[in-house]
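J.: To start, I am sharing the structure in question, which I have written as C-alpha cells.
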Amino acid sequence: MGLGSVRLRLRSSSTKATAILLCAALALSAAGLTGLIAVMPATKSRPEKRGPVAVEGASPAVSAAKAPERLATPNGPVPDLILDPPYVVLDATSFKNGLSEIQLLDIEGPTGNAVCKDAEGLRWACGLRARAALHNLLRASTLRCRSTNDITAKRFGAYCAITGDDVGAALVRNGWARPRSDAYAAEVAEARRNRAGLWNGDWTIEPSRQP
C-alpha cells in the first residue's frame, strides 16, 4: 500500500468523524431546545374581567336591614338598620358611624365634658364617665337600630340594640342616662334605688362654664 493510499484513507476517516460530530452536536442542540420548551411554564391566559363582587358583611356604615322587620311610620315602613363598627362616641347618648350621627331616642345624658357632684358634694367627670360607658357598650358590636327619621340625613334618632338588648335601657339602668318619658320606668327605678351612675348625687350637674 502506497503513502498516497494511506493519506486518502486518513482523509476519508477524518471526514466521517467530522460528520458524526456534527450530527451529534445537532442532536444535542435539538434535545436541549426540546427540554427548554418542556420546562417553560405555560402562558397564563388573561383573566376575564368581572364586575364588583358583593362580599357578605362588607356593607356601608348604614345599610339595609338583613331581616324583614319594619317599623310603621306615617310616611311608610322604615327598615331596620344594621350598623357595623367602628363607632365614635360623641357623648352619653349619641355616637357617629361612618358619615352618620345617631342620637339614641327617649333618653338624655350629660354632655361629654360635664362635671357632676356626688352625694358628698365632691366633683367628678360624669360626662367623661358616661361617654366611656356608651363606648364600652358599643365597642366592636353590631347594632340593630330602628328610626322614625330620615336615615339619609347626617344626624337622626334611633332605638338601638345589641343582640336584642336595648342600648338605651342599659344606659338608664346603670345611671348614665335618664328617660325623657316613661319608656324606661323600670330601669330608672332600679338605677335610683342602686344610686348608680349620676344618681349618686341625684343628677347634680354643674352649669357649663363659658370660655
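Starting from 1 in every chain, residues are counted up; chains themselves are A, B, ... following the order of the C-alpha cells, and ligands are numbered from 1 as listed.
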Can you tell me which residues surround stretch 106-109 of chain A at a distance of at most 7 Å, considering only C-alpha atoms, apart from same-chain residues fewer than 4 positions away, and format the answer as a list in words?

T.: Ala92, Thr93, Gly168, Trp176, Ala177, Arg178, Pro179, Arg180 and Ser181 of chain A

J.: Within 6 Å of stretch 94-105 of chain A, counting only C-alpha atoms, which residues qualify if same-chain residues fewer than 2 places away don't, as a ChimeraX atom specification?

T.: /A:61,87-91,107,154-159

J.: Looking at A:Pro207, A:Gly201, A:Pro85, A:Gly175, which one is nearest to A:Lys117, with distances taken over only C-alpha atoms?

T.: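 Answer, going by the shortest atom-to-atom distance: A:Gly201.
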
J.: Would you mind listing what lies within 12 Å of A:Asp166 as a ChimeraX atom specification, with only C-alpha atoms counted and same-chain residues fewer than 3 positions away left out?

T.: /A:104-107,137-138,143-146,158-163,169-173,183-184,187

J.: Quick one: pull the distance between atom CA of A:Ile151 and atom CA of A:Gly127, Å, one decimal.

T.: 27.1 Å

J.: Counting only C-alpha atoms, which residue out of A:Leu83, A:Ala186, A:Ala132, A:Leu122 sits closest to A:Pro110?

T.: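 Ranking A:Leu83, A:Ala186, A:Ala132, A:Leu122 by distance to A:Pro110, first place goes to A:Ala132.
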